[in-house]
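Engineer: Sharing input_4.pdb (PDB, C-alpha atoms, pLDDT in the B column) below.
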ATOM      1  CA  VAL A   1      -6.992  59.309  -1.568  1.00 92.00           C
ATOM      2  CA  VAL A   2      -6.850  56.730  -4.350  1.00 92.00           C
ATOM      3  CA  GLY A   3     -10.574  56.116  -3.886  1.00 93.00           C
ATOM      4  CA  LEU A   4     -11.263  59.826  -4.424  1.00 94.00           C
ATOM      5  CA  ILE A   5      -9.042  59.836  -7.505  1.00 93.00           C
ATOM      6  CA  GLY A   6     -11.012  56.830  -8.764  1.00 92.00           C
ATOM      7  CA  LEU A   7     -14.275  58.730  -8.304  1.00 93.00           C
ATOM      8  CA  ILE A   8     -12.930  61.653 -10.324  1.00 93.00           C
ATOM      9  CA  VAL A   9     -11.702  59.318 -13.078  1.00 92.00           C
ATOM     10  CA  GLU A  10     -15.104  57.650 -13.204  1.00 92.00           C
ATOM     11  CA  TRP A  11     -16.894  61.010 -13.419  1.00 93.00           C
ATOM     12  CA  VAL A  12     -14.751  62.460 -16.203  1.00 91.00           C
ATOM     13  CA  LEU A  13     -13.839  59.361 -18.223  1.00 90.00           C
ATOM     14  CA  ILE A  14     -15.130  55.905 -17.342  1.00 90.00           C
ATOM     15  CA  ARG A  15     -18.864  56.726 -17.290  1.00 88.00           C
ATOM     16  CA  PHE A  16     -18.723  57.510 -20.990  1.00 89.00           C
ATOM     17  CA  LEU A  17     -17.202  54.113 -21.833  1.00 87.00           C
ATOM     18  CA  TYR A  18     -19.505  51.617 -20.114  1.00 84.00           C
ATOM     19  CA  GLY A  19     -20.299  48.729 -22.459  1.00 79.00           C
ATOM     20  CA  ARG A  20     -17.199  49.431 -24.575  1.00 83.00           C
ATOM     21  CA  MET A  21     -14.659  47.035 -23.085  1.00 79.00           C
ATOM     22  CA  VAL A  22     -11.800  47.617 -25.517  1.00 81.00           C
ATOM     23  CA  ASP A  23     -12.159  51.399 -25.323  1.00 87.00           C
ATOM     24  CA  THR A  24     -12.199  51.210 -21.528  1.00 86.00           C
ATOM     25  CA  LEU A  25      -9.024  49.120 -21.462  1.00 83.00           C
ATOM     26  CA  LEU A  26      -7.234  51.500 -23.822  1.00 87.00           C
ATOM     27  CA  ALA A  27      -8.396  54.597 -21.943  1.00 89.00           C
ATOM     28  CA  THR A  28      -7.403  53.331 -18.492  1.00 88.00           C
ATOM     29  CA  TRP A  29      -4.086  52.015 -19.800  1.00 86.00           C
ATOM     30  CA  GLY A  30      -3.328  55.417 -21.327  1.00 89.00           C
ATOM     31  CA  LEU A  31      -4.367  57.125 -18.096  1.00 89.00           C
ATOM     32  CA  SER A  32      -1.998  54.913 -16.109  1.00 88.00           C
ATOM     33  CA  LEU A  33       0.856  55.875 -18.441  1.00 89.00           C
ATOM     34  CA  LEU A  34      -0.055  59.530 -17.891  1.00 90.00           C
ATOM     35  CA  PHE A  35       0.065  59.094 -14.112  1.00 88.00           C
ATOM     36  CA  ILE A  36       3.399  57.271 -14.346  1.00 88.00           C
ATOM     37  CA  GLY A  37       4.828  60.084 -16.455  1.00 89.00           C
ATOM     38  CA  LEU A  38       3.579  62.780 -14.065  1.00 89.00           C
ATOM     39  CA  ILE A  39       4.948  61.041 -10.971  1.00 86.00           C
ATOM     40  CA  THR A  40       8.267  60.366 -12.683  1.00 87.00           C
ATOM     41  CA  THR A  41       8.552  64.002 -13.743  1.00 88.00           C
ATOM     42  CA  ILE A  42       7.758  65.330 -10.271  1.00 86.00           C
ATOM     43  CA  PHE A  43       9.534  62.835  -7.994  1.00 81.00           C
ATOM     44  CA  GLY A  44      11.975  61.010 -10.274  1.00 78.00           C
ATOM     45  CA  ALA A  45      12.134  57.424 -11.434  1.00 73.00           C
ATOM     46  CA  GLN A  46      13.680  56.034  -8.236  1.00 70.00           C
ATOM     47  CA  THR A  47      12.846  56.384  -4.574  1.00 64.00           C
ATOM     48  CA  ALA A  48      15.236  57.990  -2.114  1.00 57.00           C
ATOM     49  CA  THR A  49      14.419  55.515   0.644  1.00 59.00           C
ATOM     50  CA  THR A  50      12.947  52.038   0.899  1.00 71.00           C
ATOM     51  CA  ILE A  51      10.305  50.769   3.275  1.00 77.00           C
ATOM     52  CA  SER A  52      11.418  47.908   5.491  1.00 79.00           C
ATOM     53  CA  PRO A  53       8.928  45.079   6.137  1.00 79.00           C
ATOM     54  CA  PRO A  54       7.610  45.275   9.723  1.00 81.00           C
ATOM     55  CA  PHE A  55       7.961  41.502  10.267  1.00 79.00           C
ATOM     56  CA  GLY A  56      10.996  39.254  10.127  1.00 78.00           C
ATOM     57  CA  ALA A  57      11.393  35.868   8.513  1.00 80.00           C
ATOM     58  CA  ILE A  58       9.397  32.813   9.544  1.00 81.00           C
ATOM     59  CA  SER A  59      11.213  29.456   9.545  1.00 79.00           C
ATOM     60  CA  ILE A  60       9.506  26.077   9.127  1.00 76.00           C
ATOM     61  CA  GLY A  61      12.098  23.331   9.293  1.00 76.00           C
ATOM     62  CA  GLU A  62      14.740  23.991   6.662  1.00 76.00           C
ATOM     63  CA  PHE A  63      12.600  26.523   4.829  1.00 77.00           C
ATOM     64  CA  SER A  64      12.033  30.173   5.626  1.00 76.00           C
ATOM     65  CA  SER A  65       9.660  32.787   4.297  1.00 78.00           C
ATOM     66  CA  SER A  66       8.992  36.448   4.804  1.00 81.00           C
ATOM     67  CA  GLY A  67       6.696  37.062   7.749  1.00 84.00           C
ATOM     68  CA  TYR A  68       5.278  40.070   5.938  1.00 88.00           C
ATOM     69  CA  GLU A  69       4.224  37.953   2.946  1.00 87.00           C
ATOM     70  CA  VAL A  70       2.354  35.619   5.304  1.00 87.00           C
ATOM     71  CA  PHE A  71       0.744  38.705   6.831  1.00 91.00           C
ATOM     72  CA  LEU A  72      -0.380  39.820   3.350  1.00 91.00           C
ATOM     73  CA  ILE A  73      -2.090  36.459   2.819  1.00 90.00           C
ATOM     74  CA  PHE A  74      -4.182  36.977   5.949  1.00 93.00           C
ATOM     75  CA  VAL A  75      -4.967  40.575   4.949  1.00 93.00           C
ATOM     76  CA  ALA A  76      -6.154  39.376   1.517  1.00 91.00           C
ATOM     77  CA  ILE A  77      -8.418  36.771   3.134  1.00 92.00           C
ATOM     78  CA  ILE A  78      -9.881  39.370   5.501  1.00 94.00           C
ATOM     79  CA  LEU A  79     -10.507  41.815   2.648  1.00 93.00           C
ATOM     80  CA  VAL A  80     -12.289  39.146   0.594  1.00 91.00           C
ATOM     81  CA  LEU A  81     -14.506  38.328   3.587  1.00 93.00           C
ATOM     82  CA  LEU A  82     -15.293  42.005   4.178  1.00 93.00           C
ATOM     83  CA  VAL A  83     -16.232  42.576   0.532  1.00 91.00           C
ATOM     84  CA  TYR A  84     -18.372  39.427   0.634  1.00 91.00           C
ATOM     85  CA  LEU A  85     -20.225  40.651   3.725  1.00 93.00           C
ATOM     86  CA  LEU A  86     -20.667  44.082   2.127  1.00 91.00           C
ATOM     87  CA  LEU A  87     -22.141  42.679  -1.080  1.00 89.00           C
ATOM     88  CA  ARG A  88     -24.197  39.965   0.590  1.00 89.00           C
ATOM     89  CA  TYR A  89     -25.705  41.563   3.692  1.00 91.00           C
ATOM     90  CA  THR A  90     -25.936  45.318   3.116  1.00 91.00           C
ATOM     91  CA  LYS A  91     -28.366  47.438   1.131  1.00 90.00           C
ATOM     92  CA  LEU A  92     -25.485  48.850  -0.888  1.00 89.00           C
ATOM     93  CA  GLY A  93     -24.387  45.347  -1.807  1.00 90.00           C
ATOM     94  CA  LEU A  94     -27.918  44.335  -2.798  1.00 91.00           C
ATOM     95  CA  VAL A  95     -28.326  47.410  -4.989  1.00 92.00           C
ATOM     96  CA  ALA A  96     -24.887  46.930  -6.535  1.00 90.00           C
ATOM     97  CA  ARG A  97     -25.552  43.276  -7.387  1.00 88.00           C
ATOM     98  CA  GLY A  98     -28.973  44.129  -8.785  1.00 89.00           C
ATOM     99  CA  THR A  99     -27.522  46.879 -10.945  1.00 90.00           C
ATOM    100  CA  MET A 100     -24.788  44.600 -12.298  1.00 86.00           C
ATOM    101  CA  GLN A 101     -27.271  41.855 -13.131  1.00 84.00           C
ATOM    102  CA  ALA A 102     -30.045  43.996 -14.627  1.00 87.00           C
ATOM    103  CA  ALA A 103     -29.260  47.700 -14.882  1.00 87.00           C
ATOM    104  CA  ASP A 104     -32.478  48.500 -16.786  1.00 89.00           C
ATOM    105  CA  MET A 105     -34.656  46.867 -14.145  1.00 91.00           C
ATOM    106  CA  ALA A 106     -32.751  48.621 -11.349  1.00 90.00           C
ATOM    107  CA  ALA A 107     -33.256  51.971 -13.079  1.00 90.00           C
ATOM    108  CA  ALA A 108     -36.969  51.211 -13.536  1.00 91.00           C
ATOM    109  CA  LEU A 109     -37.209  50.673  -9.765  1.00 89.00           C
ATOM    110  CA  GLY A 110     -35.822  54.140  -9.117  1.00 89.00           C
ATOM    111  CA  ILE A 111     -32.177  53.287  -8.482  1.00 90.00           C
ATOM    112  CA  SER A 112     -29.569  55.681  -9.817  1.00 90.00           C
ATOM    113  CA  THR A 113     -27.390  53.219 -11.677  1.00 90.00           C
ATOM    114  CA  GLN A 114     -24.836  55.914 -12.428  1.00 90.00           C
ATOM    115  CA  ARG A 115     -24.402  56.572  -8.713  1.00 91.00           C
ATOM    116  CA  VAL A 116     -23.994  52.846  -8.091  1.00 92.00           C
ATOM    117  CA  TYR A 117     -21.317  52.638 -10.777  1.00 91.00           C
ATOM    118  CA  SER A 118     -19.481  55.590  -9.247  1.00 92.00           C
ATOM    119  CA  MET A 119     -19.588  54.170  -5.725  1.00 92.00           C
ATOM    120  CA  THR A 120     -18.414  50.706  -6.748  1.00 91.00           C
ATOM    121  CA  PHE A 121     -15.649  52.141  -8.912  1.00 92.00           C
ATOM    122  CA  GLY A 122     -14.533  54.344  -6.023  1.00 93.00           C
ATOM    123  CA  ILE A 123     -14.507  51.390  -3.611  1.00 93.00           C
ATOM    124  CA  GLY A 124     -12.513  49.333  -6.092  1.00 91.00           C
ATOM    125  CA  SER A 125     -10.035  52.183  -6.507  1.00 92.00           C
ATOM    126  CA  ALA A 126      -9.662  52.496  -2.736  1.00 94.00           C
ATOM    127  CA  LEU A 127      -8.917  48.774  -2.460  1.00 93.00           C
ATOM    128  CA  SER A 128      -6.307  49.159  -5.207  1.00 91.00           C
ATOM    129  CA  GLY A 129      -4.695  51.980  -3.258  1.00 92.00           C
ATOM    130  CA  LEU A 130      -4.677  49.863  -0.113  1.00 94.00           C
ATOM    131  CA  ALA A 131      -3.068  47.012  -2.051  1.00 91.00           C
ATOM    132  CA  GLY A 132      -0.361  49.362  -3.335  1.00 89.00           C
ATOM    133  CA  GLY A 133       0.386  50.582   0.172  1.00 89.00           C
ATOM    134  CA  LEU A 134       0.581  47.045   1.538  1.00 91.00           C
ATOM    135  CA  LEU A 135       2.893  45.950  -1.289  1.00 88.00           C
ATOM    136  CA  ALA A 136       5.261  48.898  -0.846  1.00 86.00           C
ATOM    137  CA  PRO A 137       7.641  47.056   1.547  1.00 87.00           C
ATOM    138  CA  ILE A 138       8.007  44.282  -1.055  1.00 85.00           C
ATOM    139  CA  THR A 139       8.125  46.167  -4.338  1.00 82.00           C
ATOM    140  CA  GLY A 140       9.415  49.542  -3.181  1.00 79.00           C
ATOM    141  CA  VAL A 141       7.695  52.820  -3.965  1.00 81.00           C
ATOM    142  CA  LEU A 142       8.171  53.463  -7.661  1.00 81.00           C
ATOM    143  CA  PRO A 143       6.096  55.241 -10.321  1.00 83.00           C
ATOM    144  CA  THR A 144       5.635  51.851 -12.000  1.00 82.00           C
ATOM    145  CA  ILE A 145       4.729  49.995  -8.781  1.00 82.00           C
ATOM    146  CA  GLY A 146       1.503  48.633 -10.276  1.00 81.00           C
ATOM    147  CA  ALA A 147       2.744  47.843 -13.776  1.00 79.00           C
ATOM    148  CA  ILE A 148       4.056  44.388 -12.900  1.00 80.00           C
ATOM    149  CA  TYR A 149       0.619  43.357 -11.616  1.00 84.00           C
ATOM    150  CA  ILE A 150      -1.551  44.602 -14.493  1.00 83.00           C
ATOM    151  CA  GLY A 151      -1.048  41.528 -16.657  1.00 81.00           C
ATOM    152  CA  LYS A 152      -1.557  39.096 -13.775  1.00 86.00           C
ATOM    153  CA  ALA A 153      -4.683  40.921 -12.622  1.00 86.00           C
ATOM    154  CA  PHE A 154      -6.157  40.868 -16.131  1.00 85.00           C
ATOM    155  CA  ILE A 155      -5.424  37.159 -16.582  1.00 88.00           C
ATOM    156  CA  THR A 156      -6.898  36.374 -13.157  1.00 89.00           C
ATOM    157  CA  VAL A 157     -10.141  38.247 -13.811  1.00 87.00           C
ATOM    158  CA  ILE A 158     -10.624  36.704 -17.250  1.00 87.00           C
ATOM    159  CA  SER A 159      -9.842  33.196 -15.987  1.00 88.00           C
ATOM    160  CA  GLY A 160     -12.168  33.614 -13.017  1.00 87.00           C
ATOM    161  CA  GLY A 161     -15.266  34.454 -15.011  1.00 84.00           C
ATOM    162  CA  THR A 162     -18.284  36.554 -14.149  1.00 81.00           C
ATOM    163  CA  ALA A 163     -18.643  35.763 -10.426  1.00 83.00           C
ATOM    164  CA  ILE A 164     -17.166  38.729  -8.580  1.00 82.00           C
ATOM    165  CA  LEU A 165     -15.530  37.026  -5.606  1.00 85.00           C
ATOM    166  CA  ALA A 166     -15.718  33.310  -6.353  1.00 86.00           C
ATOM    167  CA  GLY A 167     -14.126  33.794  -9.770  1.00 86.00           C
ATOM    168  CA  THR A 168     -11.362  36.101  -8.595  1.00 88.00           C
ATOM    169  CA  ALA A 169     -10.565  33.990  -5.526  1.00 88.00           C
ATOM    170  CA  SER A 170     -10.553  30.639  -7.344  1.00 89.00           C
ATOM    171  CA  ALA A 171      -8.465  31.913 -10.259  1.00 90.00           C
ATOM    172  CA  SER A 172      -5.981  33.726  -8.023  1.00 90.00           C
ATOM    173  CA  ILE A 173      -5.502  30.670  -5.783  1.00 90.00           C
ATOM    174  CA  LEU A 174      -5.021  28.340  -8.763  1.00 91.00           C
ATOM    175  CA  LEU A 175      -2.807  30.617 -10.863  1.00 90.00           C
ATOM    176  CA  GLY A 176      -0.867  31.956  -7.888  1.00 89.00           C
ATOM    177  CA  GLY A 177      -0.330  28.459  -6.510  1.00 90.00           C
ATOM    178  CA  VAL A 178       1.033  27.134  -9.793  1.00 91.00           C
ATOM    179  CA  ASN A 179       3.200  30.231 -10.236  1.00 90.00           C
ATOM    180  CA  GLY A 180       4.611  29.898  -6.729  1.00 88.00           C
ATOM    181  CA  ILE A 181       5.299  26.160  -6.961  1.00 91.00           C
ATOM    182  CA  VAL A 182       6.999  26.340 -10.361  1.00 92.00           C
ATOM    183  CA  SER A 183       8.986  29.426  -9.296  1.00 89.00           C
ATOM    184  CA  PHE A 184      10.198  27.578  -6.182  1.00 85.00           C
ATOM    185  CA  ILE A 185      11.221  24.447  -8.113  1.00 90.00           C
ATOM    186  CA  ILE A 186      12.584  25.896 -11.363  1.00 90.00           C
ATOM    187  CA  GLY A 187      12.771  29.657 -11.108  1.00 88.00           C
ATOM    188  CA  PRO A 188      10.643  32.826 -11.326  1.00 86.00           C
ATOM    189  CA  THR A 189      10.841  33.066 -15.122  1.00 88.00           C
ATOM    190  CA  MET A 190       9.401  29.591 -15.630  1.00 91.00           C
ATOM    191  CA  GLY A 191       6.833  30.402 -12.955  1.00 88.00           C
ATOM    192  CA  GLU A 192       5.527  33.246 -15.097  1.00 87.00           C
ATOM    193  CA  VAL A 193       5.520  30.974 -18.157  1.00 90.00           C
ATOM    194  CA  ALA A 194       3.573  28.298 -16.254  1.00 91.00           C
ATOM    195  CA  LEU A 195       1.018  30.883 -15.133  1.00 88.00           C
ATOM    196  CA  LEU A 196       0.442  32.054 -18.708  1.00 89.00           C
ATOM    197  CA  LEU A 197       0.201  28.507 -20.091  1.00 91.00           C
ATOM    198  CA  LEU A 198      -2.279  27.517 -17.387  1.00 90.00           C
ATOM    199  CA  ALA A 199      -4.416  30.558 -18.148  1.00 89.00           C
ATOM    200  CA  ILE A 200      -4.419  29.661 -21.866  1.00 90.00           C
ATOM    201  CA  VAL A 201      -5.478  26.085 -21.090  1.00 90.00           C
ATOM    202  CA  LEU A 202      -8.201  27.278 -18.695  1.00 88.00           C
ATOM    203  CA  LEU A 203      -9.661  29.677 -21.242  1.00 86.00           C
ATOM    204  CA  ARG A 204      -9.449  27.022 -23.958  1.00 88.00           C
ATOM    205  CA  LEU A 205     -11.352  24.503 -21.843  1.00 88.00           C
ATOM    206  CA  MET A 206     -13.627  27.032 -20.143  1.00 87.00           C
ATOM    207  CA  PRO A 207     -14.133  30.119 -22.364  1.00 84.00           C
ATOM    208  CA  GLN A 208     -16.532  31.620 -19.797  1.00 85.00           C
ATOM    209  CA  GLY A 209     -13.970  31.268 -17.025  1.00 84.00           C
ATOM    210  CA  ILE A 210     -13.911  29.011 -13.990  1.00 86.00           C
ATOM    211  CA  THR A 211     -17.243  30.278 -12.685  1.00 84.00           C
ATOM    212  CA  GLY A 212     -18.782  29.771 -16.109  1.00 78.00           C
ATOM    213  CA  ARG A 213     -18.696  26.051 -15.318  1.00 77.00           C
ATOM    214  CA  PHE A 214     -18.316  25.957 -11.541  1.00 80.00           C
ATOM    215  CA  PHE A 215     -19.737  28.183  -8.767  1.00 75.00           C
ATOM    216  CA  LYS A 216     -22.355  29.487 -11.214  1.00 71.00           C
ATOM    217  CA  ARG A 217     -24.601  30.891  -8.489  1.00 72.00           C
ATOM    218  CA  SER A 218     -21.802  32.133  -6.304  1.00 74.00           C
ATOM    219  CA  LEU A 219     -21.207  35.779  -5.555  1.00 79.00           C
TER     220      LEU A 219
END
Output the file's structure as structure tokens, nothing else.
Structural biologist:
Amino acid sequence: VVGLIGLIVEWVLIRFLYGRMVDTLLATWGLSLLFIGLITTIFGAQTATTISPPFGAISIGEFSSSGYEVFLIFVAIILVLLVYLLLRYTKLGLVARGTMQAADMAAALGISTQRVYSMTFGIGSALSGLAGGLLAPITGVLPTIGAIYIGKAFITVISGGTAILAGTASASILLGGVNGIVSFIIGPTMGEVALLLLAIVLLRLMPQGITGRFFKRSL
């Protein structure tokens, strides 16, 4: 359902903003606020029930962790592998990568770049919807369920650089690892501060992101 909504958004809004990064950010941010307002008006600001995680805690020595969070790690790894296989070994992936690298050349070869943009945007929206559903037992189902991840997602993408998977994966592992370690030792607030400071240092040292210096030919 979220993938279909993403297709509609791309058709009526996003396709007119390609190449205008700031305008795209402002438009999608405003659209998210509109969706939050509509959902809040229809269903209220709070949920009537919560969703219980399907797995119990996992203990390792004196430490314990949520079994569902460990499950989410494996799901994330599987999704990254599936997207990699899609982009690397399918015709759709070849066309999508060619369009992202040289849209004019792809169009000259008879490829409908607009259709490629729509399909990739729809797939990305569907993955976002899947992520929201998987996170529901942790965050609860609220109109603002995705708001707490917008900043982290933006920082991760910018820090990762231009490589689609290598950049996102490397930045998320590094930033998430530092955030988790500092949160465990000091507290969640300082974990967020450490994440932001690390991102600032990364962008200062590597303005093109991690893959601007490393993994340059990676997908």
Engineer: Kindly give the distance, in Å, that separates CA of Tyr68 (chain A) and CA of Pro54 (chain A), rounded to a single decimal.
Structural biologist: 6.8 Å
Engineer: List every residue of region 142-215 of chain A that has an atom at most 10 Å from any atom of region 81-91 of chain A, and for each one report the closest atom pair and its distance in Å to one decimal, counting all atoms listed in the file, with rows sorted by chain and then by increasing residue number, as CSV.
Structural biologist:
residue,atom,partner,partner_atom,distance
A:Ile164,CA,A:Tyr84,CA,9.3
A:Leu165,CA,A:Tyr84,CA,7.3
A:Ala166,CA,A:Tyr84,CA,9.7
Engineer: Measuring between only C-alpha atoms, which one of A:Leu7, A:Ala45, A:Ile78, A:Leu72 shows the shortest distance to Gly133 (chain A)?
Structural biologist: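 Ranking A:Leu7, A:Ala45, A:Ile78, A:Leu72 by distance to Gly133 (chain A), first place goes to A:Leu72.
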Engineer: Have a look at CA of Thr99 (chain A) and CA of Lys152 (chain A) and let me know their distance in Å, one decimal.
Structural biologist: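 Going from CA of Thr99 (chain A) over to CA of Lys152 (chain A) covers 27.3 Å.
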Engineer: Using only C-alpha atoms, tabulate the residues of region 38-136 of chain A lying at most 12 Å from any atom of region 15-28 of chain A, each with its closest atom pair and that distance in Å to one decimal, by chain and increasing residue number, as JSON lines.
Structural biologist:
{"residue": "A:Met100", "atom": "CA", "partner": "A:Tyr18", "partner_atom": "CA", "distance": 11.8}
{"residue": "A:Ala103", "atom": "CA", "partner": "A:Tyr18", "partner_atom": "CA", "distance": 11.7}
{"residue": "A:Thr113", "atom": "CA", "partner": "A:Arg15", "partner_atom": "CA", "distance": 10.8}
{"residue": "A:Gln114", "atom": "CA", "partner": "A:Arg15", "partner_atom": "CA", "distance": 7.7}
{"residue": "A:Arg115", "atom": "CA", "partner": "A:Arg15", "partner_atom": "CA", "distance": 10.2}
{"residue": "A:Val116", "atom": "CA", "partner": "A:Arg15", "partner_atom": "CA", "distance": 11.2}
{"residue": "A:Tyr117", "atom": "CA", "partner": "A:Arg15", "partner_atom": "CA", "distance": 8.1}
{"residue": "A:Ser118", "atom": "CA", "partner": "A:Arg15", "partner_atom": "CA", "distance": 8.1}
{"residue": "A:Met119", "atom": "CA", "partner": "A:Arg15", "partner_atom": "CA", "distance": 11.9}
{"residue": "A:Phe121", "atom": "CA", "partner": "A:Arg15", "partner_atom": "CA", "distance": 10.1}
Engineer: What gap, in Å, lies between CA of Leu4 (chain A) and CA of Thr156 (chain A)?
Structural biologist: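 Taking CA of Leu4 (chain A) and CA of Thr156 (chain A), their separation equals 25.4 Å.
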Engineer: Expand the PyMOL selection byres ((chain A and resi 35) around 12) into the individual residues it matches in the shown file, reporting them as a ChimeraX atom specification.
Structural biologist: /A:5,9,28-34,36-43,142-147
Engineer: Please determine, counting all atoms listed in the file, which residue among A:Gly98, A:Pro53, A:Gly93, A:Pro188 has the shortest atom-to-atom distance to Ala136 (chain A).
Structural biologist: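 Residue with the minimum atom-to-atom distance to Ala136 (chain A): A:Pro53.
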Engineer: Which is closer to Val157 (chain A) than all the others in A:Gly124, A:Gly209, A:Gly191, A:Gly3, using all atoms listed in the file?
Structural biologist: A:Gly209
Engineer: Taking all atoms listed in the file into account, which of A:Lys216, A:Gly129, A:Leu205, A:Ser112 comes nearest Ala96 (chain A)?
Structural biologist: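 That would be A:Ser112, the residue with the smallest distance to Ala96 (chain A).
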Engineer: Expand the PyMOL selection byres ((chain A and resi 194-199) around 12) into the explicit residue set it covers here, and present it as a PyMOL selection string.
Structural biologist: chain A and resi 151-161+171-183+185-193+200-207+209-210
Engineer: For Ala163 (chain A), which residue out of A:Gly212, A:Gly61, A:Gly44, A:Gly6 is the nearest one, using only C-alpha atoms?
Structural biologist: A:Gly212
Engineer: Taking all atoms listed in the file into account, name the residue in A:Gly56, A:Ser66, A:Phe71, A:Ala76 that is nearest to Ser128 (chain A).
Structural biologist: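 Using all atoms listed in the file, Ser128 (chain A) sits closest to A:Ala76.
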Engineer: Give me region 47-65 of chain A from this structure - N, CA and C atoms, as a short mmCIF file (atom, residue, chain, number, x, y, z; two decimals), in the first residue's frame.
Structural biologist:
data_model
loop_
_atom_site.label_atom_id
_atom_site.label_comp_id
_atom_site.auth_asym_id
_atom_site.auth_seq_id
_atom_site.Cartn_x
_atom_site.Cartn_y
_atom_site.Cartn_z
N THR A 47 -2.47 5.63 19.98
CA THR A 47 -3.05 4.37 19.56
C THR A 47 -3.83 3.76 20.71
N ALA A 48 -4.89 3.03 20.37
CA ALA A 48 -5.70 2.37 21.40
C ALA A 48 -5.00 1.13 21.95
N THR A 49 -4.24 0.46 21.13
CA THR A 49 -3.55 -0.75 21.55
C THR A 49 -2.11 -0.71 21.08
N THR A 50 -1.26 -1.49 21.71
CA THR A 50 0.12 -1.61 21.31
C THR A 50 0.36 -2.99 20.71
N ILE A 51 1.43 -3.09 19.95
CA ILE A 51 1.78 -4.36 19.32
C ILE A 51 2.93 -4.98 20.10
N SER A 52 2.73 -6.18 20.61
CA SER A 52 3.75 -6.83 21.40
C SER A 52 4.77 -7.49 20.48
N PRO A 53 6.07 -7.39 20.80
CA PRO A 53 7.09 -8.08 20.00
C PRO A 53 6.86 -9.58 20.02
N PRO A 54 7.03 -10.27 18.89
CA PRO A 54 6.76 -11.71 18.84
C PRO A 54 7.84 -12.57 19.47
N PHE A 55 9.00 -11.95 19.83
CA PHE A 55 10.09 -12.72 20.42
C PHE A 55 10.42 -12.16 21.80
N GLY A 56 10.86 -13.03 22.69
CA GLY A 56 11.26 -12.61 24.02
C GLY A 56 12.69 -12.12 24.04
N ALA A 57 13.20 -11.94 25.26
CA ALA A 57 14.56 -11.43 25.43
C ALA A 57 15.58 -12.54 25.21
N ILE A 58 16.76 -12.14 24.76
CA ILE A 58 17.89 -13.04 24.58
C ILE A 58 18.97 -12.65 25.56
N SER A 59 19.45 -13.60 26.37
CA SER A 59 20.45 -13.33 27.39
C SER A 59 21.80 -13.90 26.96
N ILE A 60 22.84 -13.10 27.11
CA ILE A 60 24.22 -13.53 26.86
C ILE A 60 25.02 -13.15 28.09
N GLY A 61 25.28 -14.11 28.95
CA GLY A 61 25.95 -13.83 30.21
C GLY A 61 25.08 -12.95 31.09
N GLU A 62 25.64 -11.82 31.52
CA GLU A 62 24.91 -10.90 32.38
C GLU A 62 24.06 -9.91 31.59
N PHE A 63 24.20 -9.93 30.28
CA PHE A 63 23.50 -8.95 29.45
C PHE A 63 22.31 -9.60 28.74
N SER A 64 21.32 -8.82 28.48
CA SER A 64 20.14 -9.29 27.76
C SER A 64 19.72 -8.26 26.74
N SER A 65 19.11 -8.73 25.68
CA SER A 65 18.65 -7.85 24.61
C SER A 65 17.34 -8.38 24.06
#
